[in-house]
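Engineer: Just so it is clear, I am handing over query.json, which has JSON, C-alpha atoms.
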```json
[["chain", "number", "residue", "atom", "x", "y", "z"],
["N", 28, "MET", "CA", 74.67, 137.12, 99.36],
["N", 29, "THR", "CA", 74.94, 138.94, 96.04],
["N", 30, "GLU", "CA", 75.07, 137.63, 92.50],
["N", 31, "HIS", "CA", 78.83, 138.12, 92.62],
["N", 32, "ASP", "CA", 79.12, 136.03, 95.81],
["N", 33, "ALA", "CA", 77.02, 133.27, 94.28],
["N", 34, "LYS", "CA", 79.27, 133.20, 91.22],
["N", 35, "GLU", "CA", 82.31, 133.11, 93.47],
["N", 36, "ASP", "CA", 80.91, 130.13, 95.40],
["N", 37, "LEU", "CA", 80.18, 128.25, 92.19],
["N", 38, "GLN", "CA", 83.71, 129.08, 91.03],
["N", 39, "ILE", "CA", 85.11, 127.54, 94.23],
["N", 40, "ILE", "CA", 83.11, 124.34, 93.66],
["N", 41, "LYS", "CA", 84.28, 124.14, 90.04],
["N", 42, "ALA", "CA", 87.92, 124.83, 90.96],
["N", 43, "MET", "CA", 87.95, 122.18, 93.70],
["N", 44, "LEU", "CA", 86.41, 119.54, 91.45],
["N", 45, "GLU", "CA", 89.01, 120.33, 88.79],
["N", 46, "LYS", "CA", 91.91, 120.31, 91.27],
["N", 47, "THR", "CA", 90.77, 116.95, 92.66],
["N", 48, "ARG", "CA", 90.56, 115.53, 89.14],
["N", 49, "LYS", "CA", 94.07, 116.74, 88.28],
["N", 50, "SER", "CA", 95.57, 115.51, 91.56],
["N", 51, "THR", "CA", 94.23, 112.03, 90.97],
["N", 52, "ALA", "CA", 95.06, 111.77, 87.28],
["N", 53, "GLU", "CA", 95.94, 108.36, 85.87],
["N", 54, "SER", "CA", 99.70, 107.80, 86.22],
["N", 55, "GLY", "CA", 99.94, 105.23, 83.43],
["N", 56, "THR", "CA", 102.39, 103.10, 85.44],
["N", 57, "LEU", "CA", 100.43, 99.87, 84.98],
["N", 58, "PHE", "CA", 99.87, 100.61, 81.32],
["N", 59, "ILE", "CA", 103.63, 100.89, 80.86],
["N", 60, "VAL", "CA", 104.32, 97.75, 82.94],
["N", 61, "TRP", "CA", 101.89, 95.69, 80.85],
["N", 62, "GLY", "CA", 103.17, 97.30, 77.65],
["N", 63, "VAL", "CA", 106.77, 96.36, 78.45],
["N", 64, "LEU", "CA", 105.78, 92.81, 79.49],
["N", 65, "ILE", "CA", 103.74, 92.22, 76.33],
["N", 66, "SER", "CA", 106.61, 93.63, 74.23],
["N", 67, "LEU", "CA", 109.04, 91.23, 75.93],
["N", 68, "ALA", "CA", 106.61, 88.35, 75.41],
["N", 69, "LEU", "CA", 106.28, 89.23, 71.71],
["N", 70, "VAL", "CA", 110.08, 89.32, 71.36],
["N", 71, "GLY", "CA", 110.26, 86.02, 73.30],
["N", 72, "ASN", "CA", 107.74, 84.47, 70.95],
["N", 73, "TYR", "CA", 109.69, 85.68, 67.95],
["N", 74, "ILE", "CA", 112.92, 84.15, 69.33],
["N", 75, "LEU", "CA", 111.19, 80.87, 70.22],
["N", 76, "GLY", "CA", 109.61, 80.80, 66.76],
["N", 77, "SER", "CA", 112.98, 81.43, 65.11],
["N", 78, "LEU", "CA", 114.47, 78.57, 67.10],
["N", 79, "LYS", "CA", 111.46, 76.41, 66.18],
["N", 80, "LEU", "CA", 110.66, 75.94, 69.86],
["N", 81, "TYR", "CA", 106.92, 76.46, 69.33],
["N", 82, "LYS", "CA", 105.91, 74.16, 72.18],
["N", 83, "TRP", "CA", 107.37, 76.64, 74.70],
["N", 84, "GLU", "CA", 105.42, 79.65, 73.47],
["N", 85, "TRP", "CA", 102.55, 79.01, 75.91],
["N", 86, "LEU", "CA", 105.03, 79.17, 78.83],
["N", 87, "ASN", "CA", 106.21, 82.56, 77.58],
["N", 88, "TRP", "CA", 102.65, 83.97, 77.72],
["N", 89, "ILE", "CA", 101.88, 82.37, 81.08],
["N", 90, "ALA", "CA", 105.08, 83.84, 82.56],
["N", 91, "MET", "CA", 104.16, 87.28, 81.20],
["N", 92, "THR", "CA", 100.63, 87.03, 82.59],
["N", 93, "VAL", "CA", 101.73, 85.83, 86.03],
["N", 94, "ILE", "CA", 104.42, 88.52, 86.33],
["N", 95, "GLY", "CA", 101.98, 91.17, 85.09],
["N", 96, "TRP", "CA", 99.28, 90.22, 87.56],
["N", 97, "ALA", "CA", 101.76, 89.97, 90.45],
["N", 98, "VAL", "CA", 103.11, 93.47, 89.69],
["N", 99, "THR", "CA", 99.55, 94.81, 89.29],
["N", 100, "VAL", "CA", 98.36, 93.36, 92.62],
["N", 101, "ILE", "CA", 101.45, 94.48, 94.59],
["N", 102, "TYR", "CA", 101.39, 97.96, 93.02],
["N", 103, "SER", "CA", 97.64, 98.36, 93.65],
["N", 104, "ILE", "CA", 97.87, 97.28, 97.30],
["N", 105, "ARG", "CA", 100.85, 99.56, 98.00],
["N", 106, "ARG", "CA", 99.23, 102.47, 96.21],
["N", 107, "GLY", "CA", 95.91, 101.88, 97.96],
["N", 108, "ARG", "CA", 97.62, 102.01, 101.36],
["N", 109, "SER", "CA", 99.54, 105.21, 100.74],
["N", 110, "GLU", "CA", 96.87, 107.00, 98.72],
["N", 111, "LYS", "CA", 95.89, 110.40, 100.08],
["N", 112, "VAL", "CA", 92.63, 110.45, 98.23],
["N", 113, "THR", "CA", 90.38, 107.95, 96.49],
["N", 114, "THR", "CA", 87.95, 109.37, 93.96],
["N", 115, "TYR", "CA", 84.95, 107.62, 92.45],
["N", 116, "VAL", "CA", 86.58, 108.04, 89.03],
["N", 117, "GLN", "CA", 89.59, 106.05, 90.26],
["N", 118, "ILE", "CA", 87.32, 103.35, 91.68],
["N", 119, "ALA", "CA", 85.43, 103.07, 88.37],
["N", 120, "ALA", "CA", 88.71, 102.92, 86.41],
["N", 121, "ARG", "CA", 90.09, 100.19, 88.69],
["N", 122, "HIS", "CA", 86.98, 98.10, 88.11],
["N", 123, "VAL", "CA", 87.44, 98.49, 84.35],
["N", 124, "TYR", "CA", 91.15, 97.53, 84.60],
["N", 125, "PHE", "CA", 90.30, 94.50, 86.71],
["N", 126, "SER", "CA", 87.47, 93.29, 84.47],
["N", 127, "CYS", "CA", 89.57, 93.68, 81.34],
["N", 128, "GLY", "CA", 92.51, 91.98, 83.09],
["N", 129, "VAL", "CA", 90.26, 89.01, 83.84],
["N", 130, "GLY", "CA", 89.02, 89.20, 80.25],
["N", 131, "PHE", "CA", 92.61, 88.98, 78.93],
["N", 132, "LEU", "CA", 93.31, 86.04, 81.21],
["N", 133, "LEU", "CA", 90.21, 84.16, 80.08],
["N", 134, "VAL", "CA", 90.40, 84.80, 76.33],
["N", 135, "GLY", "CA", 94.19, 84.61, 76.16],
["N", 136, "LEU", "CA", 94.90, 81.61, 78.37],
["N", 137, "VAL", "CA", 92.01, 79.78, 79.99],
["N", 138, "PHE", "CA", 89.62, 79.30, 77.06],
["N", 139, "PRO", "CA", 92.30, 78.25, 74.52],
["N", 140, "ALA", "CA", 93.85, 75.92, 77.13],
["N", 141, "ILE", "CA", 90.55, 74.08, 77.59],
["N", 142, "GLY", "CA", 90.09, 73.93, 73.83],
["N", 143, "ALA", "CA", 87.20, 76.40, 73.53],
["N", 144, "TYR", "CA", 88.78, 77.76, 70.34],
["N", 145, "SER", "CA", 92.00, 77.73, 68.36],
["N", 146, "TYR", "CA", 95.09, 79.64, 69.55],
["N", 147, "GLU", "CA", 94.81, 81.63, 66.30],
["N", 148, "ALA", "CA", 91.75, 83.42, 67.69],
["N", 149, "ILE", "CA", 93.63, 84.77, 70.73],
["N", 150, "SER", "CA", 94.96, 87.96, 69.14],
["N", 151, "VAL", "CA", 91.52, 88.77, 67.70],
["N", 152, "LEU", "CA", 89.79, 88.38, 71.07],
["N", 153, "ILE", "CA", 92.58, 90.20, 72.94],
["N", 154, "ALA", "CA", 92.15, 93.11, 70.52],
["N", 155, "ALA", "CA", 88.38, 93.10, 71.14],
["N", 156, "VAL", "CA", 88.89, 93.24, 74.95],
["N", 157, "THR", "CA", 91.53, 95.98, 74.54],
["N", 158, "GLY", "CA", 88.96, 97.97, 72.56],
["N", 159, "ILE", "CA", 86.55, 97.64, 75.49],
["N", 160, "LEU", "CA", 89.30, 98.78, 77.90],
["N", 161, "PHE", "CA", 90.07, 101.95, 75.94],
["N", 162, "PHE", "CA", 86.46, 102.83, 75.14],
["N", 163, "ALA", "CA", 85.40, 102.46, 78.79],
["N", 164, "LEU", "CA", 88.40, 104.51, 80.02],
["N", 165, "ALA", "CA", 87.56, 107.19, 77.44],
["N", 166, "GLY", "CA", 84.19, 107.64, 79.13],
["N", 167, "ILE", "CA", 85.57, 107.59, 82.67],
["N", 168, "PHE", "CA", 88.43, 110.05, 82.12],
["N", 169, "ASP", "CA", 86.75, 111.98, 79.29],
["N", 170, "TRP", "CA", 89.60, 111.32, 76.84],
["N", 171, "PRO", "CA", 88.41, 111.50, 73.21],
["N", 172, "LEU", "CA", 91.73, 109.98, 72.06],
["N", 173, "PHE", "CA", 90.94, 106.77, 73.95],
["N", 174, "ARG", "CA", 87.51, 106.58, 72.30],
["N", 175, "GLY", "CA", 89.30, 106.58, 68.95],
["N", 176, "LEU", "CA", 91.77, 103.96, 70.16],
["N", 177, "GLY", "CA", 88.88, 101.74, 71.32],
["N", 178, "LEU", "CA", 87.40, 101.92, 67.83],
["N", 179, "LEU", "CA", 90.85, 101.27, 66.31],
["N", 180, "TRP", "CA", 91.27, 98.08, 68.38],
["N", 181, "TRP", "CA", 87.81, 96.86, 67.41],
["N", 182, "LEU", "CA", 88.49, 97.56, 63.74],
["N", 183, "GLY", "CA", 91.81, 95.76, 64.12],
["N", 184, "ALA", "CA", 90.04, 92.78, 65.70],
["N", 185, "VAL", "CA", 87.64, 92.56, 62.76],
["N", 186, "GLY", "CA", 90.52, 92.99, 60.28],
["N", 187, "MET", "CA", 92.63, 90.30, 61.97],
["N", 188, "SER", "CA", 89.77, 87.81, 61.86],
["N", 189, "PHE", "CA", 89.93, 87.92, 58.03],
["N", 190, "THR", "CA", 93.72, 87.53, 57.70],
["N", 191, "GLY", "CA", 96.28, 84.76, 57.90],
["N", 192, "GLU", "CA", 98.82, 84.21, 60.70],
["N", 193, "GLY", "CA", 101.64, 86.39, 59.27],
["N", 194, "LEU", "CA", 99.54, 89.44, 58.51],
["N", 195, "ARG", "CA", 97.57, 89.03, 61.74],
["N", 196, "THR", "CA", 100.79, 89.23, 63.78],
["N", 197, "LEU", "CA", 101.86, 92.30, 61.83],
["N", 198, "ILE", "CA", 98.49, 94.03, 62.41],
["N", 199, "TYR", "CA", 98.60, 93.09, 66.09],
["N", 200, "ALA", "CA", 102.13, 94.47, 66.49],
["N", 201, "GLY", "CA", 101.09, 97.70, 64.74],
["N", 202, "LEU", "CA", 97.99, 98.02, 66.92],
["N", 203, "PHE", "CA", 100.05, 97.35, 70.01],
["N", 204, "VAL", "CA", 102.60, 100.08, 69.29],
["N", 205, "ALA", "CA", 100.11, 102.71, 68.02],
["N", 206, "GLY", "CA", 97.20, 101.79, 70.26],
["N", 207, "PHE", "CA", 98.89, 100.81, 73.54],
["N", 208, "LEU", "CA", 102.54, 101.78, 73.95],
["N", 209, "ILE", "CA", 102.25, 105.33, 72.56],
["N", 210, "PRO", "CA", 99.06, 106.08, 74.59],
["N", 211, "ALA", "CA", 100.76, 104.69, 77.72],
["N", 212, "PHE", "CA", 103.54, 107.24, 77.40],
["N", 213, "LEU", "CA", 101.01, 109.97, 76.56],
["N", 214, "ILE", "CA", 99.13, 109.19, 79.81],
["N", 215, "ARG", "CA", 102.41, 109.38, 81.70],
["N", 216, "ALA", "CA", 103.24, 112.76, 80.15],
["N", 217, "LYS", "CA", 99.71, 114.08, 80.89],
["N", 218, "PHE", "CA", 100.00, 112.84, 84.48],
["N", 219, "ARG", "CA", 103.31, 114.65, 84.99],
["N", 220, "LYS", "CA", 101.87, 117.82, 83.48],
["N", 221, "ASP", "CA", 98.74, 117.63, 85.70],
["N", 222, "GLN", "CA", 100.87, 117.01, 88.79],
["N", 223, "SER", "CA", 103.12, 119.98, 88.08],
["N", 224, "CYS", "CA", 100.15, 122.38, 87.65],
["G", 188, "MET", "CA", 62.84, 137.88, 92.45],
["G", 189, "SER", "CA", 62.86, 140.13, 95.49],
["G", 190, "PRO", "CA", 65.56, 139.63, 98.13],
["G", 191, "ASP", "CA", 63.07, 138.25, 100.65],
["G", 192, "LYS", "CA", 62.31, 135.39, 98.24],
["G", 193, "PHE", "CA", 65.95, 134.24, 98.11],
["G", 194, "GLU", "CA", 66.36, 130.89, 99.73],
["G", 195, "PRO", "CA", 68.54, 131.21, 102.86],
["G", 196, "LEU", "CA", 71.95, 129.60, 102.49],
["G", 197, "ASP", "CA", 73.16, 126.88, 104.85],
["G", 198, "PRO", "CA", 75.49, 128.73, 107.29],
["G", 199, "VAL", "CA", 77.60, 125.59, 107.79],
["G", 200, "ILE", "CA", 78.52, 125.51, 104.10],
["G", 201, "HIS", "CA", 78.54, 129.27, 103.59],
["G", 202, "ALA", "CA", 82.28, 129.66, 104.28],
["G", 203, "GLN", "CA", 84.89, 129.33, 101.54],
["G", 204, "VAL", "CA", 87.01, 126.63, 103.17],
["G", 205, "ARG", "CA", 84.05, 124.48, 104.19],
["G", 206, "LEU", "CA", 82.50, 124.81, 100.73],
["G", 207, "ALA", "CA", 85.84, 123.87, 99.18],
["G", 208, "VAL", "CA", 86.22, 120.82, 101.46],
["G", 209, "LEU", "CA", 82.73, 119.54, 100.63],
["G", 210, "SER", "CA", 83.36, 120.13, 96.92],
["G", 211, "ILE", "CA", 86.50, 117.98, 97.10],
["G", 212, "LEU", "CA", 84.85, 115.24, 99.12],
["G", 213, "VAL", "CA", 81.79, 115.04, 96.87],
["G", 214, "SER", "CA", 83.95, 113.55, 94.10],
["G", 215, "ALA", "CA", 86.12, 111.46, 96.41],
["G", 216, "LYS", "CA", 85.33, 108.44, 98.53],
["G", 217, "LYS", "CA", 87.97, 109.59, 101.02],
["G", 218, "ALA", "CA", 90.72, 112.21, 101.33],
["G", 219, "ASP", "CA", 93.37, 112.80, 103.98],
["G", 220, "PHE", "CA", 94.10, 116.00, 105.89],
["G", 221, "ASN", "CA", 97.16, 117.00, 103.86],
["G", 222, "PHE", "CA", 95.35, 116.51, 100.57],
["G", 223, "LEU", "CA", 92.54, 118.80, 101.75],
["G", 224, "LYS", "CA", 95.07, 121.29, 103.08],
["G", 225, "ASN", "CA", 96.98, 121.44, 99.78],
["G", 226, "LEU", "CA", 93.90, 121.83, 97.66],
["G", 227, "THR", "CA", 92.18, 124.41, 99.86],
["G", 228, "GLU", "CA", 95.50, 126.28, 100.39],
["G", 229, "THR", "CA", 94.81, 126.90, 104.05],
["G", 230, "THR", "CA", 96.67, 126.40, 107.33],
["G", 231, "ASP", "CA", 96.49, 123.35, 109.61],
["G", 232, "GLY", "CA", 94.66, 125.25, 112.36],
["G", 233, "ASN", "CA", 92.17, 126.91, 110.04],
["G", 234, "LEU", "CA", 91.37, 123.68, 108.25],
["G", 235, "SER", "CA", 90.99, 121.77, 111.54],
["G", 236, "THR", "CA", 88.45, 124.32, 112.77],
["G", 237, "HIS", "CA", 86.41, 124.11, 109.59],
["G", 238, "LEU", "CA", 86.58, 120.31, 109.50],
["G", 239, "ALA", "CA", 85.35, 120.18, 113.10],
["G", 240, "LYS", "CA", 82.36, 122.34, 112.17],
["G", 241, "LEU", "CA", 81.51, 120.10, 109.23],
["G", 242, "GLU", "CA", 81.85, 117.01, 111.40],
["G", 243, "GLU", "CA", 79.71, 118.56, 114.11],
["G", 244, "ALA", "CA", 76.97, 119.22, 111.53],
["G", 245, "GLY", "CA", 77.20, 115.60, 110.41],
["G", 246, "TYR", "CA", 78.30, 116.59, 106.90],
["G", 247, "ILE", "CA", 81.58, 114.68, 106.96],
["G", 248, "ALA", "CA", 82.82, 111.51, 108.66],
["G", 249, "VAL", "CA", 86.31, 111.14, 110.10],
["G", 250, "LYS", "CA", 88.29, 107.91, 110.15],
["G", 251, "LYS", "CA", 91.55, 107.53, 112.05],
["G", 252, "THR", "CA", 93.90, 104.75, 111.03],
["G", 253, "PHE", "CA", 97.64, 104.11, 110.74],
["G", 254, "LEU", "CA", 99.87, 104.07, 107.68],
["G", 255, "GLY", "CA", 102.75, 102.01, 109.02],
["G", 256, "LYS", "CA", 103.52, 103.75, 112.29],
["G", 257, "LYS", "CA", 102.17, 107.13, 111.22],
["G", 258, "PRO", "CA", 98.60, 108.11, 112.12],
["G", 259, "LEU", "CA", 96.41, 108.77, 109.09],
["G", 260, "THR", "CA", 93.15, 110.71, 109.31],
["G", 261, "THR", "CA", 90.81, 110.49, 106.35],
["G", 262, "TYR", "CA", 87.61, 112.38, 105.71],
["G", 263, "SER", "CA", 84.55, 111.46, 103.68],
["G", 264, "ILE", "CA", 81.28, 113.19, 102.92],
["G", 265, "THR", "CA", 78.15, 111.75, 104.52],
["G", 266, "GLU", "CA", 74.77, 111.38, 102.84],
["G", 267, "ARG", "CA", 73.61, 114.35, 104.88],
["G", 268, "GLY", "CA", 76.55, 116.42, 103.65],
["G", 269, "ARG", "CA", 75.93, 115.42, 100.06],
["G", 270, "THR", "CA", 72.26, 116.44, 100.31],
["G", 271, "ALA", "CA", 73.19, 119.72, 102.01],
["G", 272, "LEU", "CA", 75.72, 120.58, 99.29],
["G", 273, "ALA", "CA", 73.21, 119.79, 96.53],
["G", 274, "HIS", "CA", 70.66, 121.99, 98.27],
["G", 275, "TYR", "CA", 73.26, 124.76, 98.69],
["G", 276, "VAL", "CA", 74.09, 124.72, 94.97],
["G", 277, "LYS", "CA", 70.37, 124.84, 94.12],
["G", 278, "SER", "CA", 69.95, 127.81, 96.47],
["G", 279, "LEU", "CA", 72.89, 129.59, 94.78],
["G", 280, "GLU", "CA", 71.09, 129.36, 91.45],
["G", 281, "GLY", "CA", 68.42, 131.65, 92.85],
["G", 282, "TYR", "CA", 70.99, 134.44, 93.09],
["G", 283, "LEU", "CA", 72.04, 134.16, 89.46],
["G", 284, "PRO", "CA", 70.37, 136.09, 86.62],
["G", 285, "LYS", "CA", 69.56, 133.00, 84.52],
["G", 286, "ALA", "CA", 67.52, 131.50, 87.32],
["G", 287, "LYS", "CA", 65.44, 134.66, 87.54],
["G", 288, "GLU", "CA", 64.15, 134.34, 83.95]]
```
Now, as a test, write the supplied structure out as structure tokens.
Structural biologist:
Amino acid sequence: MTEHDAKEDLQIIKAMLEKTRKSTAESGTLFIVWGVLISLALVGNYILGSLKLYKWEWLNWIAMTVIGWAVTVIYSIRRGRSEKVTTYVQIAARHVYFSCGVGFLLVGLVFPAIGAYSYEAISVLIAAVTGILFFALAGIFDWPLFRGLGLLWWLGAVGMSFTGEGLRTLIYAGLFVAGFLIPAFLIRAKFRKDQSC
Amino acid sequence: MSPDKFEPLDPVIHAQVRLAVLSILVSAKKADFNFLKNLTETTDGNLSTHLAKLEEAGYIAVKKTFLGKKPLTTYSITERGRTALAHYVKSLEGYLPKAKE
């Protein structure tokens, strides 16, 4: 073994780790699914609000949550079965997705339903949990953009807690488009690029 | 460092395909045959031979299941394999100039 051979061996290790990382990149499918569902729920809420059918708004959010979870569970099971490789990064990311999913369910539906706090606090708490989701994923996938988005969501949460209903909705919608929908499509584009390499 | 002071390298790992396989499996809980084949860019027969050697040394574990009606063989690194790879990398450092300083 020469110095050159040692370098070559280390190069093989590095290349394989990198190839594995690229082959198991985040596809962004679930991000897009949840993004579309939340968008539909926001539109639904707007329509119900315009028709002054406020009492049905809770049903809109429950339907979105149930559909979202059903799609997530079915997709995860099917993907898990057909997956050619499972990396520890994927396992860590799945645990973060699941914990934040439970967080959304608790702060968005369960706690307000049992009267723990007012429905007005939902968007603030959802934004705080979304910040946790992005910041944790930033560490797992080493994406600096997501670190920034995590901070953006937390700042948004603080900002929303000082504003009235109208402005809060506007801030939330802005955060959702800039801090969720756009990143979801960026992940998808990155995934396609990684897969084609 | 004189050549006689170089730490001997593990002969099981000291082959490009086997080193590549262990490097993939160290970051994965499990990987199937085709995934390993694509990433190592080797042939079925060659990969099978190397995988058998790694399994024989107790560095990887093999699990045979079914995906629908198709057989699915997945591989994972064992604790012994993980330790051996870590030791191999440490030994490699001895051959590099920085480690000599």
Engineer: Go through N:Leu80, N:Val129, N:Leu164, N:Val112 and flag the residue nearest chain G, using all atoms listed in the file for the distances.
Structural biologist: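 Ranked by minimum distance to chain G, first place goes to N:Val112.
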Engineer: When you look at Asp219 of chain G with a cut-off of 12 Å (counting only C-alpha atoms), what residues show up, excluding the ones that are within fewer than 6 positions of it in the same chain? I need them as a ChimeraX atom specification.
Structural biologist: /N:108-114 /G:208,211-212,225-226,234-235,238,248-254,258-263
Engineer: Between atom CA of Gly135 of chain N and atom CA of Arg174 of chain N, what is the distance, to one decimal in Å?
Structural biologist: 23.3 Å
Engineer: Could you tell me which residues of chain G sit within 10 Å of chain N when counting only C-alpha atoms, and give me the result as a VMD selection string?
Structural biologist: chain G and resid 190 193 195 to 196 201 to 204 206 to 223 225 to 227 253 to 255 259 to 263 275 to 276 278 to 284
Engineer: State, in Å with one decimal place, the distance from atom CA of Phe173 of chain N to atom CA of Leu133 of chain N.
Structural biologist: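 These two atoms are separated by 23.4 Å.
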Engineer: Looking at all atoms listed in the file, which of N:Trp170, N:Tyr102, N:Phe161, N:Trp181 is the one that sits closest to Phe207 of chain N?
Structural biologist: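 For Phe207 of chain N, the nearest of the given residues is N:Phe161.
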Engineer: Tell me, in Å to one decimal, how far atom CA of Ala163 of chain N is from atom CA of Leu178 of chain N.
Structural biologist: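 Atom CA of Leu178 of chain N lies at a distance of 11.2 Å from atom CA of Ala163 of chain N.
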Engineer: Near segment 66-78 of chain N, counting all atoms listed in the file, which residues have an atom at most 7 Å away, once you skip same-chain residues fewer than 2 positions from it, shown as a ChimeraX atom specification?
Structural biologist: /N:62-64,80-81,84,87-88,91
Engineer: So which residues touch segment 142-155 of chain N within 6 Å, counting only C-alpha atoms, skipping near sequence neighbours fewer than 2 positions away, as a PDB file with C-alpha atoms, in the frame of the given file?
Structural biologist:
```
ATOM      1  CA  GLY N 135      94.190  84.610  76.160  1.00  0.00           C
ATOM      2  CA  PHE N 138      89.620  79.300  77.060  1.00  0.00           C
ATOM      3  CA  PRO N 139      92.300  78.250  74.520  1.00  0.00           C
ATOM      4  CA  ALA N 140      93.850  75.920  77.130  1.00  0.00           C
ATOM      5  CA  THR N 157      91.530  95.980  74.540  1.00  0.00           C
ATOM      6  CA  GLY N 158      88.960  97.970  72.560  1.00  0.00           C
ATOM      7  CA  TRP N 180      91.270  98.080  68.380  1.00  0.00           C
ATOM      8  CA  TRP N 181      87.810  96.860  67.410  1.00  0.00           C
ATOM      9  CA  ALA N 184      90.040  92.780  65.700  1.00  0.00           C
TER      10      ALA N 184
END
```
Engineer: Determine the nearest neighbour of Leu160 of chain N from the options N:Gly128, N:Gly95, N:Pro210, N:Gly55, counting only C-alpha atoms.
Structural biologist: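 Among the listed residues, N:Gly128 lies closest to Leu160 of chain N.
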Engineer: For Arg205 of chain G, work out the shell of residues within 8 Å, counting all atoms listed in the file and skipping chain neighbours fewer than 5 positions away, then give it as a list in words.
Structural biologist: Val199, Ile200, His237, Leu238 and Leu241 of chain G
Engineer: Could you work out an axis-aligned bounding box for all listed atoms of segment 269-287 of chain G, with 3 Å added on each of the six sides, and give its centre and edge lengths in Å to one decimal, as JSON?
Structural biologist:
```
{"center_x": 70.7, "center_y": 125.8, "center_z": 93.3, "size_x": 16.5, "size_y": 26.7, "size_z": 23.5}
```
